[in-house]
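Trainee: Got run31.pdb for you, PDB, C-alpha atoms and all ligand atoms:
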```pdb
MODEL        1
ATOM      1  CA  MET Q   1      12.758  16.689   3.959  1.00  0.00           C
ATOM      2  CA  LYS Q   2      11.461  13.922   1.663  1.00  0.00           C
ATOM      3  CA  LYS Q   3       7.807  12.928   1.769  1.00  0.00           C
ATOM      4  CA  LEU Q   4       7.261   9.487   3.281  1.00  0.00           C
ATOM      5  CA  PHE Q   5       4.432   7.098   2.432  1.00  0.00           C
ATOM      6  CA  ILE Q   6       3.388   4.853   5.334  1.00  0.00           C
ATOM      7  CA  ILE Q   7       0.926   2.238   4.147  1.00  0.00           C
ATOM      8  CA  GLY Q   8      -1.016  -0.196   6.301  1.00  0.00           C
ATOM      9  CA  ASN Q   9      -2.202  -3.317   4.490  1.00  0.00           C
ATOM     10  CA  TRP Q  10      -4.787  -5.079   6.644  1.00  0.00           C
ATOM     11  CA  LYS Q  11      -5.020  -8.014   4.205  1.00  0.00           C
ATOM     12  CA  SER Q  12      -8.011 -10.301   4.914  1.00  0.00           C
ATOM     13  CA  ASN Q  13      -8.442  -9.052   8.487  1.00  0.00           C
ATOM     14  CA  LYS Q  14     -11.070  -6.975  10.342  1.00  0.00           C
ATOM     15  CA  THR Q  15     -14.833  -6.757  10.144  1.00  0.00           C
ATOM     16  CA  SER Q  16     -16.478  -3.316   9.901  1.00  0.00           C
ATOM     17  CA  GLN Q  17     -16.944  -3.364  13.685  1.00  0.00           C
ATOM     18  CA  GLU Q  18     -13.271  -4.078  14.214  1.00  0.00           C
ATOM     19  CA  ALA Q  19     -12.321  -1.356  11.741  1.00  0.00           C
ATOM     20  CA  ARG Q  20     -14.453   1.073  13.703  1.00  0.00           C
ATOM     21  CA  ALA Q  21     -12.642   0.153  16.932  1.00  0.00           C
ATOM     22  CA  TRP Q  22      -9.301   0.578  15.115  1.00  0.00           C
ATOM     23  CA  ALA Q  23     -10.321   4.019  13.824  1.00  0.00           C
ATOM     24  CA  GLU Q  24     -11.394   5.138  17.305  1.00  0.00           C
ATOM     25  CA  GLY Q  25      -8.152   3.895  18.872  1.00  0.00           C
ATOM     26  CA  PHE Q  26      -6.027   5.429  16.122  1.00  0.00           C
ATOM     27  CA  SER Q  27      -7.734   8.827  16.192  1.00  0.00           C
ATOM     28  CA  HIS Q  28      -6.904   9.169  19.907  1.00  0.00           C
ATOM     29  CA  VAL Q  29      -3.189   8.693  19.427  1.00  0.00           C
ATOM     30  CA  PHE Q  30      -2.391   9.832  15.884  1.00  0.00           C
ATOM     31  CA  LYS Q  31      -1.259  13.361  15.116  1.00  0.00           C
ATOM     32  CA  LYS Q  32      -0.823  14.360  11.466  1.00  0.00           C
ATOM     33  CA  GLN Q  33       2.753  15.020  10.365  1.00  0.00           C
ATOM     34  CA  GLU Q  34       3.119  17.150   7.238  1.00  0.00           C
ATOM     35  CA  ASP Q  35       5.904  15.111   5.680  1.00  0.00           C
ATOM     36  CA  LYS Q  36       4.101  11.744   6.013  1.00  0.00           C
ATOM     37  CA  GLU Q  37       1.203  10.429   3.923  1.00  0.00           C
ATOM     38  CA  VAL Q  38      -0.572   7.701   5.900  1.00  0.00           C
ATOM     39  CA  ILE Q  39      -2.574   5.254   3.799  1.00  0.00           C
ATOM     40  CA  VAL Q  40      -4.705   2.401   5.176  1.00  0.00           C
ATOM     41  CA  CYS Q  41      -5.946  -0.448   2.963  1.00  0.00           C
ATOM     42  CA  PRO Q  42      -8.921  -2.416   4.394  1.00  0.00           C
ATOM     43  CA  SER Q  43     -10.887  -5.191   2.681  1.00  0.00           C
ATOM     44  CA  PHE Q  44     -13.512  -4.158   0.104  1.00  0.00           C
ATOM     45  CA  SER Q  45     -16.405  -4.983   2.456  1.00  0.00           C
ATOM     46  CA  VAL Q  46     -15.009  -2.593   5.064  1.00  0.00           C
ATOM     47  CA  LEU Q  47     -14.218   0.347   2.743  1.00  0.00           C
ATOM     48  CA  PRO Q  48     -17.545   2.253   3.028  1.00  0.00           C
ATOM     49  CA  THR Q  49     -17.684   2.036   6.846  1.00  0.00           C
ATOM     50  CA  PHE Q  50     -14.037   2.943   7.203  1.00  0.00           C
ATOM     51  CA  HIS Q  51     -14.432   5.819   4.747  1.00  0.00           C
ATOM     52  CA  TYR Q  52     -17.319   7.133   6.825  1.00  0.00           C
ATOM     53  CA  PHE Q  53     -15.268   7.026  10.050  1.00  0.00           C
ATOM     54  CA  VAL Q  54     -12.264   8.697   8.470  1.00  0.00           C
ATOM     55  CA  LEU Q  55     -14.434  11.539   7.161  1.00  0.00           C
ATOM     56  CA  SER Q  56     -16.542  12.019  10.260  1.00  0.00           C
ATOM     57  CA  ALA Q  57     -13.556  11.965  12.645  1.00  0.00           C
ATOM     58  CA  LYS Q  58     -11.567  14.123  10.178  1.00  0.00           C
ATOM     59  CA  MET Q  59      -8.719  11.622  10.428  1.00  0.00           C
ATOM     60  CA  GLN Q  60      -5.679  12.612   8.383  1.00  0.00           C
ATOM     61  CA  ILE Q  61      -5.383   9.313   6.621  1.00  0.00           C
ATOM     62  CA  VAL Q  62      -5.961   8.356   3.019  1.00  0.00           C
ATOM     63  CA  ILE Q  63      -7.739   5.150   2.032  1.00  0.00           C
ATOM     64  CA  GLY Q  64      -6.468   2.463  -0.310  1.00  0.00           C
ATOM     65  CA  ALA Q  65      -8.026  -0.758  -1.612  1.00  0.00           C
ATOM     66  CA  GLN Q  66      -6.132  -4.054  -1.758  1.00  0.00           C
ATOM     67  CA  ASP Q  67      -6.968  -5.001  -5.344  1.00  0.00           C
ATOM     68  CA  VAL Q  68      -8.863  -3.820  -8.432  1.00  0.00           C
ATOM     69  CA  SER Q  69     -10.578  -5.576 -11.311  1.00  0.00           C
ATOM     70  CA  PRO Q  70      -8.616  -5.795 -14.565  1.00  0.00           C
ATOM     71  CA  TYR Q  71     -11.927  -4.980 -16.302  1.00  0.00           C
ATOM     72  CA  ASP Q  72     -14.288  -2.024 -16.424  1.00  0.00           C
ATOM     73  CA  GLU Q  73     -17.833  -2.337 -15.109  1.00  0.00           C
ATOM     74  CA  GLY Q  74     -19.830  -5.166 -16.619  1.00  0.00           C
ATOM     75  CA  SER Q  75     -20.434  -8.899 -16.374  1.00  0.00           C
ATOM     76  CA  TYR Q  76     -17.480  -9.904 -14.187  1.00  0.00           C
ATOM     77  CA  THR Q  77     -19.032 -11.617 -11.179  1.00  0.00           C
ATOM     78  CA  GLY Q  78     -17.192 -10.983  -7.936  1.00  0.00           C
ATOM     79  CA  GLU Q  79     -14.937  -8.230  -9.280  1.00  0.00           C
ATOM     80  CA  VAL Q  80     -14.738  -4.672  -7.962  1.00  0.00           C
ATOM     81  CA  ASN Q  81     -13.823  -2.105 -10.611  1.00  0.00           C
ATOM     82  CA  ALA Q  82     -11.829   1.124 -10.358  1.00  0.00           C
ATOM     83  CA  LYS Q  83     -14.910   3.356 -10.595  1.00  0.00           C
ATOM     84  CA  GLN Q  84     -16.502   1.549  -7.643  1.00  0.00           C
ATOM     85  CA  ILE Q  85     -13.307   1.774  -5.601  1.00  0.00           C
ATOM     86  CA  LYS Q  86     -12.915   5.481  -6.390  1.00  0.00           C
ATOM     87  CA  GLU Q  87     -16.058   6.176  -4.318  1.00  0.00           C
ATOM     88  CA  THR Q  88     -14.105   5.492  -1.133  1.00  0.00           C
ATOM     89  CA  ALA Q  89     -10.389   5.134  -1.949  1.00  0.00           C
ATOM     90  CA  VAL Q  90      -7.528   7.054  -3.543  1.00  0.00           C
ATOM     91  CA  TYR Q  91      -4.868   4.335  -3.769  1.00  0.00           C
ATOM     92  CA  VAL Q  92      -4.946   0.645  -4.681  1.00  0.00           C
ATOM     93  CA  LEU Q  93      -2.454  -2.153  -4.047  1.00  0.00           C
ATOM     94  CA  ILE Q  94      -1.755  -4.175  -7.180  1.00  0.00           C
ATOM     95  CA  GLY Q  95       0.217  -7.395  -7.651  1.00  0.00           C
ATOM     96  CA  HIS Q  96       0.871  -8.177  -3.983  1.00  0.00           C
ATOM     97  CA  SER Q  97       2.890 -11.394  -3.781  1.00  0.00           C
ATOM     98  CA  GLU Q  98      -0.012 -13.088  -1.953  1.00  0.00           C
ATOM     99  CA  ARG Q  99      -2.207 -12.397  -4.983  1.00  0.00           C
ATOM    100  CA  ARG Q 100       0.494 -13.709  -7.311  1.00  0.00           C
ATOM    101  CA  LYS Q 101       0.940 -16.823  -5.113  1.00  0.00           C
ATOM    102  CA  TYR Q 102      -2.623 -17.746  -4.077  1.00  0.00           C
ATOM    103  CA  PHE Q 103      -4.596 -16.299  -6.996  1.00  0.00           C
ATOM    104  CA  SER Q 104      -2.158 -16.941  -9.859  1.00  0.00           C
ATOM    105  CA  GLU Q 105      -1.892 -13.276 -10.738  1.00  0.00           C
ATOM    106  CA  THR Q 106       0.493 -12.809 -13.668  1.00  0.00           C
ATOM    107  CA  ASN Q 107       2.476  -9.779 -14.874  1.00  0.00           C
ATOM    108  CA  ASP Q 108      -0.048  -9.466 -17.697  1.00  0.00           C
ATOM    109  CA  MET Q 109      -2.914  -9.282 -15.181  1.00  0.00           C
ATOM    110  CA  VAL Q 110      -0.954  -6.793 -13.086  1.00  0.00           C
ATOM    111  CA  ASN Q 111      -0.515  -4.560 -16.141  1.00  0.00           C
ATOM    112  CA  LYS Q 112      -4.234  -4.666 -16.956  1.00  0.00           C
ATOM    113  CA  LYS Q 113      -5.036  -3.722 -13.361  1.00  0.00           C
ATOM    114  CA  ILE Q 114      -2.531  -0.834 -13.388  1.00  0.00           C
ATOM    115  CA  LYS Q 115      -4.067   0.562 -16.566  1.00  0.00           C
ATOM    116  CA  ASN Q 116      -7.625   0.244 -15.266  1.00  0.00           C
ATOM    117  CA  ALA Q 117      -6.690   1.786 -11.921  1.00  0.00           C
ATOM    118  CA  VAL Q 118      -5.004   4.809 -13.533  1.00  0.00           C
ATOM    119  CA  ASP Q 119      -7.824   5.242 -16.080  1.00  0.00           C
ATOM    120  CA  GLY Q 120     -10.280   5.146 -13.168  1.00  0.00           C
ATOM    121  CA  GLY Q 121      -8.390   7.865 -11.289  1.00  0.00           C
ATOM    122  CA  LEU Q 122      -6.763   5.630  -8.657  1.00  0.00           C
ATOM    123  CA  ILE Q 123      -3.066   5.661  -7.746  1.00  0.00           C
ATOM    124  CA  PRO Q 124      -1.591   2.142  -7.980  1.00  0.00           C
ATOM    125  CA  ILE Q 125       0.907   0.891  -5.421  1.00  0.00           C
ATOM    126  CA  VAL Q 126       2.479  -1.894  -7.446  1.00  0.00           C
ATOM    127  CA  CYS Q 127       4.128  -4.630  -5.382  1.00  0.00           C
ATOM    128  CA  VAL Q 128       7.190  -6.468  -6.700  1.00  0.00           C
ATOM    129  CA  SER Q 129       9.388  -9.030  -5.019  1.00  0.00           C
ATOM    130  CA  GLU Q 130      12.328  -8.577  -7.389  1.00  0.00           C
ATOM    131  CA  VAL Q 131      13.712  -5.980  -9.807  1.00  0.00           C
ATOM    132  CA  GLY Q 132      12.878  -8.278 -12.746  1.00  0.00           C
ATOM    133  CA  GLN Q 133       9.148  -7.690 -12.216  1.00  0.00           C
ATOM    134  CA  VAL Q 134       9.503  -3.933 -12.769  1.00  0.00           C
ATOM    135  CA  GLN Q 135       8.528  -2.794 -16.259  1.00  0.00           C
ATOM    136  CA  LYS Q 136       9.955   0.215 -18.053  1.00  0.00           C
ATOM    137  CA  ASP Q 137       6.488   0.866 -19.558  1.00  0.00           C
ATOM    138  CA  TRP Q 138       5.271   1.939 -16.110  1.00  0.00           C
ATOM    139  CA  SER Q 139       7.226   5.175 -16.696  1.00  0.00           C
ATOM    140  CA  VAL Q 140       4.189   6.527 -18.566  1.00  0.00           C
ATOM    141  CA  PHE Q 141       2.327   6.519 -15.246  1.00  0.00           C
ATOM    142  CA  GLN Q 142       4.951   8.678 -13.490  1.00  0.00           C
ATOM    143  CA  GLU Q 143       3.515  10.827 -10.692  1.00  0.00           C
ATOM    144  CA  LYS Q 144       0.545   8.436 -10.632  1.00  0.00           C
ATOM    145  CA  LEU Q 145       2.221   5.250  -9.434  1.00  0.00           C
ATOM    146  CA  LEU Q 146       4.240   3.972  -6.460  1.00  0.00           C
ATOM    147  CA  ILE Q 147       6.229   0.736  -6.287  1.00  0.00           C
ATOM    148  CA  ALA Q 148       6.663  -1.388  -3.164  1.00  0.00           C
ATOM    149  CA  TYR Q 149       9.640  -3.741  -3.061  1.00  0.00           C
ATOM    150  CA  GLU Q 150       8.695  -6.702  -0.873  1.00  0.00           C
ATOM    151  CA  PRO Q 151      11.108  -9.660  -0.872  1.00  0.00           C
ATOM    152  CA  LEU Q 152       9.237 -12.954  -0.398  1.00  0.00           C
ATOM    153  CA  PHE Q 153      11.346 -14.132   2.542  1.00  0.00           C
ATOM    154  CA  ALA Q 154      10.526 -10.974   4.501  1.00  0.00           C
ATOM    155  CA  ILE Q 155       6.736 -10.935   4.230  1.00  0.00           C
ATOM    156  CA  GLY Q 156       5.105 -11.948   7.506  1.00  0.00           C
ATOM    157  CA  SER Q 157       8.277 -13.750   8.624  1.00  0.00           C
ATOM    158  CA  GLY Q 158       9.657 -11.347  11.207  1.00  0.00           C
ATOM    159  CA  ASN Q 159      12.839 -11.449   9.121  1.00  0.00           C
ATOM    160  CA  ALA Q 160      13.085  -8.088   7.325  1.00  0.00           C
ATOM    161  CA  ASP Q 161      15.590  -7.389   4.555  1.00  0.00           C
ATOM    162  CA  THR Q 162      18.593  -5.298   5.545  1.00  0.00           C
ATOM    163  CA  PRO Q 163      18.061  -1.557   4.985  1.00  0.00           C
ATOM    164  CA  GLU Q 164      21.226  -1.503   2.846  1.00  0.00           C
ATOM    165  CA  ASN Q 165      19.987  -4.231   0.506  1.00  0.00           C
ATOM    166  CA  ALA Q 166      16.469  -2.759   0.323  1.00  0.00           C
ATOM    167  CA  ASN Q 167      17.971   0.630  -0.523  1.00  0.00           C
ATOM    168  CA  ALA Q 168      20.204  -0.893  -3.220  1.00  0.00           C
ATOM    169  CA  ILE Q 169      17.154  -2.573  -4.805  1.00  0.00           C
ATOM    170  CA  ALA Q 170      15.129   0.667  -4.548  1.00  0.00           C
ATOM    171  CA  LYS Q 171      17.959   2.459  -6.377  1.00  0.00           C
ATOM    172  CA  GLN Q 172      17.977  -0.169  -9.140  1.00  0.00           C
ATOM    173  CA  ILE Q 173      14.196   0.143  -9.536  1.00  0.00           C
ATOM    174  CA  LYS Q 174      14.459   3.936  -9.775  1.00  0.00           C
ATOM    175  CA  GLU Q 175      16.900   3.495 -12.644  1.00  0.00           C
ATOM    176  CA  ILE Q 176      14.073   1.718 -14.527  1.00  0.00           C
ATOM    177  CA  VAL Q 177      11.064   3.771 -13.357  1.00  0.00           C
ATOM    178  CA  ARG Q 178      11.521   7.073 -11.520  1.00  0.00           C
ATOM    179  CA  VAL Q 179       8.737   6.862  -8.958  1.00  0.00           C
ATOM    180  CA  PRO Q 180       8.642   6.671  -5.151  1.00  0.00           C
ATOM    181  CA  ILE Q 181       9.843   3.261  -3.927  1.00  0.00           C
ATOM    182  CA  LEU Q 182       8.655   1.741  -0.667  1.00  0.00           C
ATOM    183  CA  TYR Q 183      10.038  -1.190   1.279  1.00  0.00           C
ATOM    184  CA  GLY Q 184       7.725  -3.880   2.702  1.00  0.00           C
ATOM    185  CA  GLY Q 185       8.265  -7.071   4.691  1.00  0.00           C
ATOM    186  CA  SER Q 186       8.307  -7.359   8.512  1.00  0.00           C
ATOM    187  CA  VAL Q 187       8.495  -3.608   9.089  1.00  0.00           C
ATOM    188  CA  THR Q 188       7.910  -2.823  12.777  1.00  0.00           C
ATOM    189  CA  GLU Q 189       7.856   0.241  14.996  1.00  0.00           C
ATOM    190  CA  LYS Q 190      11.417  -0.731  16.007  1.00  0.00           C
ATOM    191  CA  ASN Q 191      13.030  -1.161  12.576  1.00  0.00           C
ATOM    192  CA  VAL Q 192      11.026   1.362  10.494  1.00  0.00           C
ATOM    193  CA  ALA Q 193      13.488   4.240  10.827  1.00  0.00           C
ATOM    194  CA  SER Q 194      16.369   2.089   9.593  1.00  0.00           C
ATOM    195  CA  PHE Q 195      14.496   1.852   6.263  1.00  0.00           C
ATOM    196  CA  THR Q 196      12.998   5.331   5.988  1.00  0.00           C
ATOM    197  CA  LYS Q 197      16.361   7.017   6.622  1.00  0.00           C
ATOM    198  CA  MET Q 198      17.824   5.358   3.489  1.00  0.00           C
ATOM    199  CA  GLY Q 199      18.211   7.742   0.544  1.00  0.00           C
ATOM    200  CA  ASP Q 200      16.251   5.780  -2.061  1.00  0.00           C
ATOM    201  CA  ILE Q 201      13.446   4.460   0.166  1.00  0.00           C
ATOM    202  CA  ASP Q 202      10.381   6.725   0.193  1.00  0.00           C
ATOM    203  CA  GLY Q 203       8.214   4.844   2.653  1.00  0.00           C
ATOM    204  CA  VAL Q 204       7.054   1.473   3.935  1.00  0.00           C
ATOM    205  CA  LEU Q 205       4.280  -1.033   3.290  1.00  0.00           C
ATOM    206  CA  VAL Q 206       3.248  -2.588   6.588  1.00  0.00           C
ATOM    207  CA  GLY Q 207       1.130  -5.710   7.150  1.00  0.00           C
ATOM    208  CA  LYS Q 208       1.013  -7.157  10.651  1.00  0.00           C
ATOM    209  CA  ALA Q 209       2.210  -4.008  12.457  1.00  0.00           C
ATOM    210  CA  SER Q 210      -0.689  -1.999  11.002  1.00  0.00           C
ATOM    211  CA  LEU Q 211      -3.396  -4.154  12.611  1.00  0.00           C
ATOM    212  CA  ASP Q 212      -3.112  -2.617  16.068  1.00  0.00           C
ATOM    213  CA  PRO Q 213      -3.845   1.147  16.038  1.00  0.00           C
ATOM    214  CA  HIS Q 214      -1.349   1.998  18.801  1.00  0.00           C
ATOM    215  CA  THR Q 215       1.468  -0.005  17.232  1.00  0.00           C
ATOM    216  CA  PHE Q 216       0.769   1.577  13.824  1.00  0.00           C
ATOM    217  CA  ALA Q 217       0.656   5.077  15.336  1.00  0.00           C
ATOM    218  CA  SER Q 218       4.043   4.490  17.029  1.00  0.00           C
ATOM    219  CA  LEU Q 219       5.454   3.137  13.778  1.00  0.00           C
ATOM    220  CA  ILE Q 220       4.390   6.343  11.993  1.00  0.00           C
ATOM    221  CA  ILE Q 221       5.970   8.532  14.679  1.00  0.00           C
ATOM    222  CA  ASN Q 222       9.211   6.533  14.524  1.00  0.00           C
ATOM    223  CA  ALA Q 223       9.405   6.582  10.688  1.00  0.00           C
TER
HETATM  224  P1  LIG S 301       4.201  -7.851   6.941  1.00  0.00           P
HETATM  225  O1  LIG S 301       3.442  -7.770   5.542  1.00  0.00           O
HETATM  226  O2  LIG S 301       4.484  -6.436   7.376  1.00  0.00           O
HETATM  227  O3  LIG S 301       3.259  -8.545   7.860  1.00  0.00           O
HETATM  228  O4  LIG S 301       5.472  -8.605   6.708  1.00  0.00           O
HETATM  229  C1  LIG S 301       3.843  -6.845   4.567  1.00  0.00           C
HETATM  230  C2  LIG S 301       3.027  -7.022   3.311  1.00  0.00           C
HETATM  231  O5  LIG S 301       2.727  -8.167   2.936  1.00  0.00           O
HETATM  232  O6  LIG S 301       2.648  -6.030   2.645  1.00  0.00           O
ENDMDL
END
```
Starting from the file, give its structure as structure tokens.
Ligand code: PGA
Mentor:
Amino acid sequence: MKKLFIIGNWKSNKTSQEARAWAEGFSHVFKKQEDKEVIVCPSFSVLPTFHYFVLSAKMQIVIGAQDVSPYDEGSYTGEVNAKQIKETAVYVLIGHSERRKYFSETNDMVNKKIKNAVDGGLIPIVCVSEVGQVQKDWSVFQEKLLIAYEPLFAIGSGNADTPENANAIAKQIKEIVRVPILYGGSVTEKNVASFTKMGDIDGVLVGKASLDPHTFASLIINA
């Protein structure tokens, strides 16, 4: 059976208090499944609290950040570097379309972030909305990088891509870089299996449906 990555991206949602309530709710309903790696990505401000809850409740989830500085430590006001993130997280989302859209993140910036993340011991989950954004050079990071295909029309719209099209795109991406490929965009507990059963899709990146612990737990069971 293939290993599935189920990633919850909380985006700019949840205070530390709310994250604590989520962790309590989730730990009551979630049972670890060997073939599924569950990754949750809270905001930077919430990472230490969430990390503490995950450890103390021995929750079988792995933590990711939602962004990383393109620079090492130093005089970069407001940035959080890979070394700082590594204290609490294993994975990091890079190049999400919301960062490209609202914060003018370019492919060049994405590449700097990937390099800094890998050098700092983090595993990047690089988000792309089309095959053209995938770079052959990323092959050097094999085993240390995941790619999430997230078509723009599907993000937060309730209008997911078809599993067949998402699988075809995942296959094309694998021909460029042989790494696990996830699908993201309006994944729900109802449609998740239609994506995860496809041969070239290795998991899902979930926004809205990860915010409620019971919904996210059901989504993981159904995947
Ligand atoms: P959504 O977000 O599941 O709410 O569509 C997915 C994402 O942006 O990663």
Trainee: Would you mind listing the residues within 9 Å of ligand LIG 301 (chain S), counting only C-alpha atoms and all ligand atoms, as JSON, numbers by chain?
Mentor: {"Q": [7, 8, 9, 10, 11, 96, 97, 98, 127, 148, 150, 152, 154, 155, 156, 157, 158, 159, 160, 183, 184, 185, 186, 187, 188, 204, 205, 206, 207, 208, 209, 210]}
Trainee: Determine, counting all atoms listed in the file, which protein, DNA and RNA residues have an atom within 12 Å of an atom of Met109 (chain Q); residues of the same chain fewer than 3 positions away are not included. Present the result as a ChimeraX atom specification.
Mentor: /Q:67-71,94-96,99-100,103-106,112-116,126
Trainee: Write a file of the selected residues as an mmCIF file, in the coordinates of the input, keeping C-alpha atoms.
Mentor:
```cif
data_model
loop_
_atom_site.group_PDB
_atom_site.id
_atom_site.type_symbol
_atom_site.label_atom_id
_atom_site.label_comp_id
_atom_site.auth_asym_id
_atom_site.auth_seq_id
_atom_site.Cartn_x
_atom_site.Cartn_y
_atom_site.Cartn_z
ATOM 1 C CA ASP Q 67 -6.968 -5.001 -5.344
ATOM 2 C CA VAL Q 68 -8.863 -3.820 -8.432
ATOM 3 C CA SER Q 69 -10.578 -5.576 -11.311
ATOM 4 C CA PRO Q 70 -8.616 -5.795 -14.565
ATOM 5 C CA TYR Q 71 -11.927 -4.980 -16.302
ATOM 6 C CA ILE Q 94 -1.755 -4.175 -7.180
ATOM 7 C CA GLY Q 95 0.217 -7.395 -7.651
ATOM 8 C CA HIS Q 96 0.871 -8.177 -3.983
ATOM 9 C CA ARG Q 99 -2.207 -12.397 -4.983
ATOM 10 C CA ARG Q 100 0.494 -13.709 -7.311
ATOM 11 C CA PHE Q 103 -4.596 -16.299 -6.996
ATOM 12 C CA SER Q 104 -2.158 -16.941 -9.859
ATOM 13 C CA GLU Q 105 -1.892 -13.276 -10.738
ATOM 14 C CA THR Q 106 0.493 -12.809 -13.668
ATOM 15 C CA LYS Q 112 -4.234 -4.666 -16.956
ATOM 16 C CA LYS Q 113 -5.036 -3.722 -13.361
ATOM 17 C CA ILE Q 114 -2.531 -0.834 -13.388
ATOM 18 C CA LYS Q 115 -4.067 0.562 -16.566
ATOM 19 C CA ASN Q 116 -7.625 0.244 -15.266
ATOM 20 C CA VAL Q 126 2.479 -1.894 -7.446
#
```
Trainee: Which residues are close to region 27-43 of chain Q, i.e. within 9 Å by only C-alpha atoms, leaving aside same-chain residues fewer than 5 positions away? Reply as JSON, numbers by chain.
Mentor: {"Q": [1, 2, 3, 4, 5, 6, 7, 8, 9, 10, 11, 12, 13, 14, 15, 19, 22, 50, 54, 57, 58, 59, 60, 61, 62, 63, 64, 65, 66, 67, 89, 91, 92, 93, 203, 210, 213, 214, 217, 218, 220, 221, 223]}
Trainee: Just C-alpha atoms for this one: save the residues we selected as a CSV table (one decimal), keeping the file's coordinate frame.
Mentor:
```csv
chain,number,residue,atom,x,y,z
Q,1,MET,CA,12.8,16.7,4.0
Q,2,LYS,CA,11.5,13.9,1.7
Q,3,LYS,CA,7.8,12.9,1.8
Q,4,LEU,CA,7.3,9.5,3.3
Q,5,PHE,CA,4.4,7.1,2.4
Q,6,ILE,CA,3.4,4.9,5.3
Q,7,ILE,CA,0.9,2.2,4.1
Q,8,GLY,CA,-1.0,-0.2,6.3
Q,9,ASN,CA,-2.2,-3.3,4.5
Q,10,TRP,CA,-4.8,-5.1,6.6
Q,11,LYS,CA,-5.0,-8.0,4.2
Q,12,SER,CA,-8.0,-10.3,4.9
Q,13,ASN,CA,-8.4,-9.1,8.5
Q,14,LYS,CA,-11.1,-7.0,10.3
Q,15,THR,CA,-14.8,-6.8,10.1
Q,19,ALA,CA,-12.3,-1.4,11.7
Q,22,TRP,CA,-9.3,0.6,15.1
Q,50,PHE,CA,-14.0,2.9,7.2
Q,54,VAL,CA,-12.3,8.7,8.5
Q,57,ALA,CA,-13.6,12.0,12.6
Q,58,LYS,CA,-11.6,14.1,10.2
Q,59,MET,CA,-8.7,11.6,10.4
Q,60,GLN,CA,-5.7,12.6,8.4
Q,61,ILE,CA,-5.4,9.3,6.6
Q,62,VAL,CA,-6.0,8.4,3.0
Q,63,ILE,CA,-7.7,5.2,2.0
Q,64,GLY,CA,-6.5,2.5,-0.3
Q,65,ALA,CA,-8.0,-0.8,-1.6
Q,66,GLN,CA,-6.1,-4.1,-1.8
Q,67,ASP,CA,-7.0,-5.0,-5.3
Q,89,ALA,CA,-10.4,5.1,-1.9
Q,91,TYR,CA,-4.9,4.3,-3.8
Q,92,VAL,CA,-4.9,0.6,-4.7
Q,93,LEU,CA,-2.5,-2.2,-4.0
Q,203,GLY,CA,8.2,4.8,2.7
Q,210,SER,CA,-0.7,-2.0,11.0
Q,213,PRO,CA,-3.8,1.1,16.0
Q,214,HIS,CA,-1.3,2.0,18.8
Q,217,ALA,CA,0.7,5.1,15.3
Q,218,SER,CA,4.0,4.5,17.0
Q,220,ILE,CA,4.4,6.3,12.0
Q,221,ILE,CA,6.0,8.5,14.7
Q,223,ALA,CA,9.4,6.6,10.7
```
Trainee: Could you check the closest approach to Leu146 (chain Q) for each of Q:Val46, Q:Met198, Q:Ile123, Q:Val134 and tell me which residue wins, using all atoms listed in the file?
Mentor: Q:Ile123
Trainee: Go through Q:Ala117, Q:Leu122, Q:Val192, Q:Val80 one by one, measure the shortest atom-to-atom distance of each to Thr162 (chain Q) using only C-alpha atoms, and give the residue with the smallest value.
Mentor: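 So, comparing all the options, the nearest one is Q:Val192.
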Trainee: Neighbours of Pro163 (chain Q) within 7 Å (only C-alpha atoms; same-chain residues fewer than 2 positions away dropped), as JSON, numbers by chain?
Mentor: {"Q": [161, 165, 166, 167, 194, 195]}
Trainee: What's the separation between CA of Leu182 (chain Q) and CA of Val131 (chain Q), in Å to one decimal place?
Mentor: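 Rounded to one decimal, the two atoms are 13.0 Å apart.
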Trainee: Enter the distance from CA of Val179 (chain Q) to CA of Ala82 (chain Q), in Å, rounded to one decimal.
Mentor: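 One can read the CA of Val179 (chain Q) to CA of Ala82 (chain Q) distance as 21.4 Å.
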Trainee: Enter the distance from CA of Ala23 (chain Q) to CA of Phe216 (chain Q), in Å, rounded to one decimal.
Mentor: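 Separation between CA of Ala23 (chain Q) and CA of Phe216 (chain Q): 11.4 Å.
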Trainee: Restricting the calculation to all atoms listed in the file, which member of Q:Arg178, Q:Arg20, Q:Lys197, Q:Lys83 is positioned closest to Phe53 (chain Q)?
Mentor: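 With all atoms listed in the file as the atom set, the closest residue is Q:Arg20.
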Trainee: Report as a list of chain:residue names the residues that result from applying the PyMOL selection byres (((chain Q and resi 145) around 7) and not hetatm) to the structure here.
Mentor: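 What the PyMOL selection byres (((chain Q and resi 145) around 7) and not hetatm) grabs from the file is Q:Ile123, Q:Pro124, Q:Ile125, Q:Phe141, Q:Gln142, Q:Glu143, Q:Lys144, Q:Leu146, Q:Ile147, Q:Val179.
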